[in-house]
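A.B. asks: Input structure: run_14.cif, which contains mmCIF, C-alpha atoms.
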data_start
loop_
_atom_site.label_atom_id
_atom_site.label_comp_id
_atom_site.auth_asym_id
_atom_site.auth_seq_id
_atom_site.Cartn_x
_atom_site.Cartn_y
_atom_site.Cartn_z
CA MET A 8 -9.32 70.70 -4.57
CA GLY A 9 -10.33 72.58 -1.43
CA VAL A 10 -12.17 69.50 -0.13
CA ILE A 11 -9.10 67.31 -0.61
CA ILE A 12 -6.82 69.85 1.06
CA GLY A 13 -9.20 70.19 4.00
CA LEU A 14 -9.41 66.43 4.51
CA VAL A 15 -5.63 66.08 4.33
CA VAL A 16 -5.21 68.82 6.95
CA ALA A 17 -7.87 67.29 9.24
CA ILE A 18 -6.62 63.70 9.04
CA GLY A 19 -2.98 64.80 9.15
CA SER A 20 -3.61 66.83 12.30
CA LEU A 21 -5.41 63.90 13.88
CA ILE A 22 -2.66 61.39 13.15
CA GLY A 23 0.17 63.82 13.87
CA GLY A 24 -1.30 64.93 17.18
CA PHE A 25 -1.96 61.35 18.29
CA VAL A 26 1.59 60.26 17.46
CA ALA A 27 3.03 63.38 19.15
CA MET A 28 1.22 62.42 22.34
CA GLY A 29 2.95 59.06 22.26
CA GLY A 30 0.06 57.08 20.81
CA HIS A 31 0.52 54.06 18.56
CA LEU A 32 -1.25 54.14 15.20
CA ALA A 33 -1.77 50.39 15.29
CA VAL A 34 -4.25 50.92 18.11
CA ILE A 35 -6.43 53.16 15.93
CA TRP A 36 -6.40 50.75 13.00
CA GLN A 37 -9.40 48.59 13.83
CA PRO A 38 -10.87 47.80 10.40
CA TRP A 39 -13.83 45.79 11.69
CA GLU A 40 -15.00 48.71 13.79
CA PHE A 41 -15.05 50.81 10.62
CA VAL A 42 -16.83 48.02 8.73
CA ILE A 43 -19.57 47.91 11.38
CA ILE A 44 -20.08 51.69 11.37
CA GLY A 45 -19.80 52.16 7.61
CA GLY A 46 -21.90 49.12 6.76
CA ILE A 47 -24.75 50.11 9.07
CA ALA A 48 -24.65 53.72 7.80
CA ILE A 49 -24.75 52.67 4.14
CA GLY A 50 -27.41 50.03 4.74
CA THR A 51 -29.75 52.39 6.59
CA TYR A 52 -29.15 55.08 3.96
CA ILE A 53 -30.28 52.70 1.22
CA VAL A 54 -33.32 51.66 3.28
CA ALA A 55 -34.36 55.26 3.97
CA ASN A 56 -33.96 56.69 0.45
CA PRO A 57 -35.19 55.84 -3.05
CA MET A 58 -32.51 54.51 -5.36
CA PRO A 59 -32.50 57.68 -7.54
CA VAL A 60 -31.54 59.69 -4.44
CA VAL A 61 -28.82 57.17 -3.56
CA THR A 62 -27.28 57.39 -7.04
CA ASP A 63 -27.67 61.17 -7.10
CA THR A 64 -25.75 61.33 -3.83
CA GLY A 65 -22.79 59.77 -5.61
CA ARG A 66 -23.03 62.35 -8.39
CA ALA A 67 -23.39 65.18 -5.88
CA THR A 68 -20.31 63.98 -3.99
CA VAL A 69 -18.22 63.96 -7.18
CA GLU A 70 -19.52 67.44 -8.09
CA ALA A 71 -18.60 68.73 -4.62
CA LEU A 72 -15.11 67.23 -4.78
CA LYS A 73 -14.57 68.74 -8.24
CA SER A 74 -16.30 72.05 -7.38
CA SER A 75 -18.54 71.72 -10.43
CA VAL A 76 -20.26 75.10 -10.23
CA PRO A 77 -21.04 77.66 -12.94
CA LYS A 78 -18.24 80.12 -13.60
CA ARG A 79 -18.09 83.50 -15.29
CA GLY A 80 -17.78 81.94 -18.74
CA ASN A 81 -20.86 79.80 -18.15
CA TYR A 82 -22.89 82.84 -17.14
CA LEU A 83 -21.77 84.72 -20.25
CA GLU A 84 -22.80 81.77 -22.39
CA LEU A 85 -26.24 81.63 -20.77
CA LEU A 86 -26.83 85.37 -21.13
CA GLY A 87 -25.67 85.17 -24.73
CA LEU A 88 -28.20 82.43 -25.48
CA LEU A 89 -31.05 84.33 -23.81
CA TYR A 90 -30.19 87.50 -25.70
CA ALA A 91 -30.11 85.65 -29.01
CA LEU A 92 -33.49 84.06 -28.34
CA MET A 93 -35.10 87.34 -27.28
CA ARG A 94 -33.71 89.05 -30.37
CA GLU A 95 -35.31 86.32 -32.48
CA LEU A 96 -38.60 86.81 -30.66
CA ARG A 97 -38.57 90.53 -31.51
CA THR A 98 -37.49 90.31 -35.13
CA LYS A 99 -38.63 86.95 -36.54
CA PRO A 100 -42.05 85.42 -37.17
CA ARG A 101 -43.39 82.89 -34.72
CA ASN A 102 -42.83 79.81 -36.91
CA GLU A 103 -39.10 80.56 -37.30
CA VAL A 104 -38.57 80.94 -33.57
CA GLU A 105 -40.52 77.76 -32.85
CA GLY A 106 -37.98 75.79 -34.89
CA HIS A 107 -35.25 76.69 -32.38
CA ILE A 108 -37.43 75.72 -29.44
CA ASP A 109 -38.87 72.48 -30.80
CA ALA A 110 -35.48 71.06 -31.83
CA PRO A 111 -32.73 72.86 -29.88
CA GLN A 112 -30.17 70.21 -30.83
CA ASP A 113 -30.61 71.28 -34.48
CA SER A 114 -30.84 75.00 -33.76
CA ALA A 115 -28.06 77.28 -34.99
CA ILE A 116 -28.61 79.48 -31.95
CA PHE A 117 -28.33 76.69 -29.38
CA ASN A 118 -25.35 75.17 -31.18
CA ASN A 119 -23.52 78.46 -30.69
CA PHE A 120 -23.73 77.73 -26.96
CA PRO A 121 -22.89 74.01 -26.57
CA GLY A 122 -22.26 74.34 -22.84
CA ILE A 123 -25.95 75.14 -22.34
CA LEU A 124 -27.09 72.55 -24.89
CA ARG A 125 -25.25 69.78 -23.01
CA ASP A 126 -27.31 70.51 -19.90
CA LYS A 127 -30.62 68.91 -20.90
CA GLU A 128 -32.54 70.16 -17.85
CA LEU A 129 -31.42 73.74 -18.39
CA THR A 130 -32.14 73.60 -22.12
CA LEU A 131 -35.62 72.22 -21.47
CA PHE A 132 -36.29 74.97 -18.92
CA VAL A 133 -35.34 77.68 -21.41
CA CYS A 134 -37.34 76.11 -24.24
CA ASP A 135 -40.47 75.60 -22.14
CA TYR A 136 -40.73 79.24 -21.09
CA VAL A 137 -39.74 80.72 -24.43
CA ARG A 138 -42.51 78.56 -25.90
CA LEU A 139 -44.97 80.09 -23.42
CA ILE A 140 -43.81 83.55 -24.48
CA ILE A 141 -44.41 82.63 -28.12
CA ILE A 142 -47.93 81.41 -27.35
CA GLY A 143 -48.58 84.81 -25.79
CA ASN A 144 -51.68 84.00 -23.73
CA ALA A 145 -50.05 83.89 -20.29
CA ARG A 146 -49.41 87.08 -18.34
CA PRO A 147 -45.96 87.81 -16.84
CA HIS A 148 -47.02 87.34 -13.22
CA GLU A 149 -48.53 83.95 -14.07
CA ILE A 150 -45.32 82.83 -15.78
CA GLU A 151 -43.27 84.13 -12.86
CA ALA A 152 -45.36 82.13 -10.36
CA LEU A 153 -44.97 79.02 -12.50
CA MET A 154 -41.21 79.56 -12.73
CA ASP A 155 -40.91 80.03 -8.97
CA GLU A 156 -42.75 76.76 -8.36
CA GLU A 157 -40.61 74.82 -10.82
CA ILE A 158 -37.37 76.32 -9.49
CA ALA A 159 -38.40 75.47 -5.92
CA THR A 160 -39.14 71.88 -6.95
CA HIS A 161 -35.84 71.62 -8.82
CA ARG A 162 -33.92 73.02 -5.85
CA ARG A 163 -35.65 70.64 -3.45
CA ASP A 164 -34.72 67.65 -5.61
CA LYS A 165 -31.13 68.81 -6.00
CA LEU A 166 -30.68 69.27 -2.25
CA LYS A 167 -31.98 65.82 -1.26
CA PRO A 168 -28.41 64.41 -1.06
CA TYR A 169 -27.53 67.20 1.37
CA SER A 170 -30.46 66.57 3.71
CA THR A 171 -30.07 62.78 3.63
CA LEU A 172 -26.30 62.91 4.24
CA THR A 173 -26.89 65.32 7.13
CA THR A 174 -29.26 62.78 8.69
CA VAL A 175 -26.64 60.04 8.39
CA ALA A 176 -23.96 62.34 9.85
CA GLU A 177 -26.17 63.02 12.86
CA ALA A 178 -26.62 59.26 13.38
CA LEU A 179 -22.94 58.31 13.08
CA PRO A 180 -21.96 59.04 16.71
CA ALA A 181 -24.70 56.63 17.83
CA LEU A 182 -23.49 54.05 15.31
CA GLY A 183 -20.02 54.49 16.79
CA ILE A 184 -21.47 53.60 20.17
CA VAL A 185 -23.01 50.47 18.64
CA ALA A 186 -19.57 49.41 17.38
CA ALA A 187 -18.04 50.25 20.76
CA VAL A 188 -20.65 48.17 22.62
CA LEU A 189 -19.93 45.20 20.39
CA GLY A 190 -16.22 45.68 21.14
CA ILE A 191 -16.93 45.72 24.88
CA VAL A 192 -18.99 42.56 24.54
CA LYS A 193 -15.98 40.95 22.88
CA ALA A 194 -13.71 42.23 25.67
CA MET A 195 -16.02 40.81 28.36
CA GLY A 196 -15.67 37.44 26.69
CA ALA A 197 -11.95 37.65 27.43
CA ILE A 198 -12.31 38.85 31.02
CA ASP A 199 -10.06 36.05 32.22
CA GLN A 200 -7.17 37.23 30.05
CA SER A 201 -4.25 39.34 31.24
CA PRO A 202 -4.71 43.10 31.80
CA GLN A 203 -2.57 43.76 28.70
CA VAL A 204 -4.86 41.72 26.45
CA LEU A 205 -8.02 43.05 28.06
CA GLY A 206 -6.78 46.65 27.78
CA GLY A 207 -6.10 46.18 24.07
CA LEU A 208 -9.62 44.86 23.49
CA ILE A 209 -11.22 47.74 25.40
CA GLY A 210 -9.07 50.24 23.52
CA ALA A 211 -10.13 48.69 20.23
CA ALA A 212 -13.77 48.99 21.29
CA LEU A 213 -13.40 52.69 22.07
CA VAL A 214 -12.08 53.27 18.54
CA GLY A 215 -15.68 52.73 17.39
CA THR A 216 -16.91 55.73 19.38
CA PHE A 217 -13.99 57.82 18.15
CA ALA A 218 -14.58 56.82 14.52
CA GLY A 219 -18.30 57.59 14.61
CA ILE A 220 -17.76 61.07 16.05
CA PHE A 221 -14.80 61.90 13.79
CA ILE A 222 -16.45 60.74 10.56
CA SER A 223 -19.64 62.58 11.48
CA TYR A 224 -18.23 65.99 12.38
CA ALA A 225 -14.97 66.07 10.41
CA ILE A 226 -15.92 64.34 7.17
CA LEU A 227 -19.60 63.73 6.43
CA SER A 228 -21.11 66.96 7.80
CA PRO A 229 -18.60 69.23 5.96
CA LEU A 230 -19.10 67.16 2.80
CA ALA A 231 -22.88 67.59 3.06
CA LEU A 232 -22.46 71.36 3.42
CA LYS A 233 -20.16 71.40 0.38
CA ILE A 234 -22.78 69.51 -1.62
CA LYS A 235 -25.41 72.04 -0.53
CA SER A 236 -23.23 74.98 -1.58
CA THR A 237 -22.42 73.36 -4.94
CA ARG A 238 -25.99 72.44 -5.78
CA GLU A 239 -27.34 75.86 -4.76
CA LYS A 240 -24.89 77.54 -7.13
CA GLN A 241 -25.98 75.18 -9.89
CA CYS A 242 -29.63 76.10 -9.25
CA ARG A 243 -28.82 79.81 -9.44
CA VAL A 244 -28.77 79.75 -13.24
CA TYR A 245 -32.54 79.15 -13.24
CA ILE A 246 -33.06 82.39 -11.31
CA ILE A 247 -31.01 84.20 -13.97
CA ILE A 248 -33.24 82.79 -16.70
CA LYS A 249 -36.36 83.76 -14.78
CA GLN A 250 -35.26 87.34 -14.17
CA THR A 251 -34.24 87.79 -17.81
CA LEU A 252 -37.38 86.38 -19.41
CA ILE A 253 -39.77 88.08 -17.00
CA ALA A 254 -38.11 91.43 -17.68
CA TYR A 255 -38.52 90.80 -21.40
CA MET A 256 -42.19 89.86 -20.96
CA ASN A 257 -42.72 93.11 -19.05
CA GLY A 258 -41.52 95.08 -22.07
CA ALA A 259 -37.77 95.44 -21.55
CA LEU A 260 -35.50 95.40 -24.58
CA PRO A 261 -33.26 92.32 -24.86
CA GLN A 262 -30.21 94.35 -23.77
CA ILE A 263 -32.05 95.55 -20.65
CA ALA A 264 -33.56 92.15 -19.91
CA VAL A 265 -30.09 90.59 -19.99
CA GLU A 266 -28.97 93.17 -17.43
CA HIS A 267 -31.78 91.97 -15.12
CA GLY A 268 -30.31 88.48 -15.40
CA ARG A 269 -26.75 89.70 -14.84
CA LYS A 270 -27.75 91.30 -11.55
CA ALA A 271 -28.92 87.91 -10.27
CA ILE A 272 -25.35 86.55 -10.48
CA SER A 273 -23.20 86.50 -7.36
CA SER A 274 -20.84 89.48 -7.26
CA ALA A 275 -17.81 87.17 -7.11
CA ASP A 276 -18.68 85.65 -10.50
CA ARG A 277 -20.70 88.44 -12.10
CA PRO A 278 -19.33 89.55 -15.48
CA THR A 279 -19.09 93.26 -16.18
CA ILE A 280 -21.57 95.11 -18.38
CA ASP A 281 -18.93 95.39 -21.10
CA GLU A 282 -18.27 91.64 -21.01
CA VAL A 283 -21.98 90.89 -21.29
CA GLU A 284 -22.44 93.34 -24.15
CA SER A 285 -19.49 91.83 -25.97
CA ALA A 286 -20.86 88.31 -25.54
CA THR A 287 -24.50 89.12 -26.37
CA ILE A 288 -24.59 91.87 -28.97
CA SER A 289 -22.23 89.81 -31.11
CA GLY A 290 -24.98 87.18 -31.22
CA GLY A 291 -22.74 84.39 -30.05
CA GLY A 292 -19.54 85.63 -31.63
CA GLN A 293 -17.90 85.64 -28.21
CA ALA A 294 -19.27 82.20 -27.30
CA ALA A 295 -15.96 80.52 -28.00
CA ASP A 296 -14.20 82.85 -25.56
CA ALA A 297 -16.88 82.16 -22.95
CA ARG A 298 -16.52 78.41 -23.38
CA LYS A 299 -12.75 78.69 -23.12
CA GLU A 300 -13.03 80.64 -19.86
CA ALA A 301 -15.60 78.15 -18.49
CA ALA A 302 -13.24 75.26 -19.25
#
Write the structure described by the file as structure tokens, please.
C.D. replies:
Amino acid sequence: MGVIIGLVVAIGSLIGGFVAMGGHLAVIWQPWEFVIIGGIAIGTYIVANPMPVVTDTGRATVEALKSSVPKRGNYLELLGLLYALMRELRTKPRNEVEGHIDAPQDSAIFNNFPGILRDKELTLFVCDYVRLIIIGNARPHEIEALMDEEIATHRRDKLKPYSTLTTVAEALPALGIVAAVLGIVKAMGAIDQSPQVLGGLIGAALVGTFAGIFISYAILSPLALKIKSTREKQCRVYIIIKQTLIAYMNGALPQIAVEHGRKAISSADRPTIDEVESATISGGGQAADARKEAA
């Protein structure tokens, strides 16, 4: 919602200010200038990036517009799942715990936390490292290094739409000049026309420069930053998992290990100790409340 409000304010101020100065909106409406700029930008973006990145950019844009980031309820659900798994690791034989990890979609524990189960990447991350804990041969610092490497790779992949959109935003002013030059070429072809006609053609050409600069700095660059912020918050849940499981591997009780994970949550979204205890010690009994809050 914030993105929509910001765009409305920016475009409204632009149009309102131009009209207040006595400008005519019809002069700004030069659709072929926008086609030239937008078409070149999209075409070069497709040339420069693999198709998975192009499609992920669309998903990232939707996520940014909808502000699809983890909320307090999502964090409670994640901590509840981790606590339940660590409790199983402490109290149940290896073969029983492996059943939850090998088939999480059939696990009673994972089904208590459907919000986590729907995220296949997150579920796989949890299962992979709990499986390593079950095997028991790896030392905590080795697991931590492996987690750091995987999280860095995941973050790099998730932020590709941000970096590629930033590159396009930086190129848009130059693409606006390209559209403006083509407009000037058209105007020079009508050099024998009246000053009124010639002035209209030159004005239309300059709209290309204006459009390139405006789209770059007022639309695409802020959108890229919003995508970066959204994706970084989505990646934060992996840090929470890492802190929790490493604390457990170093000998912390499940209740204490969960507190390590809670401290990795941003203070604006961090649930209180009482909320975490209520959601975890109940073994998923508060999962419904967490899901309701997340929704």
A.B. asks: Let me know the residues the PyMOL selection byres ((chain A and resi 164) around 12) catches in the file above, as a PyMOL selection string.
C.D. replies: chain A and resi 59-60+63-64+67+157-163+165-171+235+238-239+242
A.B. asks: One number please: CA of Ile123 (chain A) to CA of Leu85 (chain A), in Å, one decimal.
C.D. replies: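 The value is 6.7 Å.
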A.B. asks: Considering all atoms listed in the file, state which residue in the set A:Ala71, A:Ala181, A:Ile253, A:Ile22 is at the smallest distance from Trp36 (chain A).
C.D. replies: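 Among A:Ala71, A:Ala181, A:Ile253, A:Ile22, it is A:Ile22 that comes nearest to Trp36 (chain A).
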A.B. asks: What would the selection look like, as a list in words, if the PyMOL selection byres ((chain A and resi 245) around 10) were run on the coordinates I just shared?
C.D. replies: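 Those residues are Leu129, Phe132, Val133, Met154, Asp155, Glu157, Ile158, His161, Arg162, Lys240, Gln241, Cys242, Arg243, Val244, Ile246, Ile247, Ile248, Lys249, Gln250, Thr251, Gly268 and Ala271 of chain A.
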A.B. asks: May I have the residues from that selection written out with C-alpha atoms, as a CSV table (one decimal), in the coordinates of the input?
C.D. replies:
chain,number,residue,atom,x,y,z
A,129,LEU,CA,-31.4,73.7,-18.4
A,132,PHE,CA,-36.3,75.0,-18.9
A,133,VAL,CA,-35.3,77.7,-21.4
A,154,MET,CA,-41.2,79.6,-12.7
A,155,ASP,CA,-40.9,80.0,-9.0
A,157,GLU,CA,-40.6,74.8,-10.8
A,158,ILE,CA,-37.4,76.3,-9.5
A,161,HIS,CA,-35.8,71.6,-8.8
A,162,ARG,CA,-33.9,73.0,-5.8
A,240,LYS,CA,-24.9,77.5,-7.1
A,241,GLN,CA,-26.0,75.2,-9.9
A,242,CYS,CA,-29.6,76.1,-9.2
A,243,ARG,CA,-28.8,79.8,-9.4
A,244,VAL,CA,-28.8,79.8,-13.2
A,246,ILE,CA,-33.1,82.4,-11.3
A,247,ILE,CA,-31.0,84.2,-14.0
A,248,ILE,CA,-33.2,82.8,-16.7
A,249,LYS,CA,-36.4,83.8,-14.8
A,250,GLN,CA,-35.3,87.3,-14.2
A,251,THR,CA,-34.2,87.8,-17.8
A,268,GLY,CA,-30.3,88.5,-15.4
A,271,ALA,CA,-28.9,87.9,-10.3
A.B. asks: Excluding Ile108 (chain A) and any residue of its chain fewer than 5 positions from it, enumerate the residues within 8 Å of it, using only C-alpha atoms, and give them as a ChimeraX atom specification.
C.D. replies: /A:114,134-135,137-138
A.B. asks: Restricting the calculation to all atoms listed in the file: of A:Gly65, A:Gly45, A:Gly190, A:Gly215, which residue gets closest to Leu230 (chain A)?
C.D. replies: A:Gly65
A.B. asks: Need to verify the contact set: Tyr82 (chain A), 9 Å, only C-alpha atoms, exclusion of same-chain residues closer than 4 positions in sequence. Can you return it as a VMD selection string?
C.D. replies: chain A and resid 77 to 78 86 to 87 244 247 269 272 276 to 278 297 301
A.B. asks: Using Å and a single decimal, report how far CA of Leu92 (chain A) sits from CA of His107 (chain A).
C.D. replies: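 Computed distance, CA of His107 (chain A) to CA of Leu92 (chain A), equals 8.6 Å.
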A.B. asks: Tell me, as a ChimeraX atom specification, which residues lie within 10 Å of Arg146 (chain A), counting all atoms listed in the file; anything in the same chain fewer than 3 positions away does not count.
C.D. replies: /A:139-140,143,149-151,253,256-257
A.B. asks: Which residue, A:Val54, A:Gly219, A:Tyr90, A:Pro202, has the smallest gap to Glu266 (chain A) when you use all atoms listed in the file?
C.D. replies: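 Ranked by minimum distance to Glu266 (chain A), first place goes to A:Tyr90.
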A.B. asks: Kindly give the distance, in Å, that separates CA of Ala286 (chain A) and CA of Leu124 (chain A), rounded to a single decimal.
C.D. replies: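 Separation of CA of Ala286 (chain A) and CA of Leu124 (chain A): 17.0 Å.
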A.B. asks: Applying the PyMOL selection byres ((chain A and resi 211) around 8) to the file I just gave you, which residues come out? Please list them as a PyMOL selection string.
C.D. replies: chain A and resi 34-35+37+190+207-210+212-215
A.B. asks: Can you write out the residues you just picked, keeping C-alpha atoms, as a JSON list (two decimals), in the coordinates of the input?
C.D. replies:
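out.json written:
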[["chain", "number", "residue", "atom", "x", "y", "z"],
["A", 34, "VAL", "CA", -4.25, 50.92, 18.11],
["A", 35, "ILE", "CA", -6.43, 53.16, 15.93],
["A", 37, "GLN", "CA", -9.40, 48.59, 13.83],
["A", 190, "GLY", "CA", -16.22, 45.68, 21.14],
["A", 207, "GLY", "CA", -6.10, 46.18, 24.07],
["A", 208, "LEU", "CA", -9.62, 44.86, 23.49],
["A", 209, "ILE", "CA", -11.22, 47.74, 25.40],
["A", 210, "GLY", "CA", -9.07, 50.24, 23.52],
["A", 212, "ALA", "CA", -13.77, 48.99, 21.29],
["A", 213, "LEU", "CA", -13.40, 52.69, 22.07],
["A", 214, "VAL", "CA", -12.08, 53.27, 18.54],
["A", 215, "GLY", "CA", -15.68, 52.73, 17.39]]
A.B. asks: Nearest to Leu172 (chain A) among A:Leu83, A:Leu227, A:Ala152, A:Val16, with distances taken over all atoms listed in the file: which residue is it?
C.D. replies: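 Closest candidate: A:Leu227.
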A.B. asks: Go through A:Arg97, A:Ala110, A:Tyr224, A:Arg125 and flag the residue nearest Gly258 (chain A), using all atoms listed in the file for the distances.
C.D. replies: A:Arg97
A.B. asks: Taking all atoms listed in the file into account, which of A:Leu179, A:Gly106, A:Ile53, A:Pro111 comes nearest Asp126 (chain A)?
C.D. replies: A:Pro111
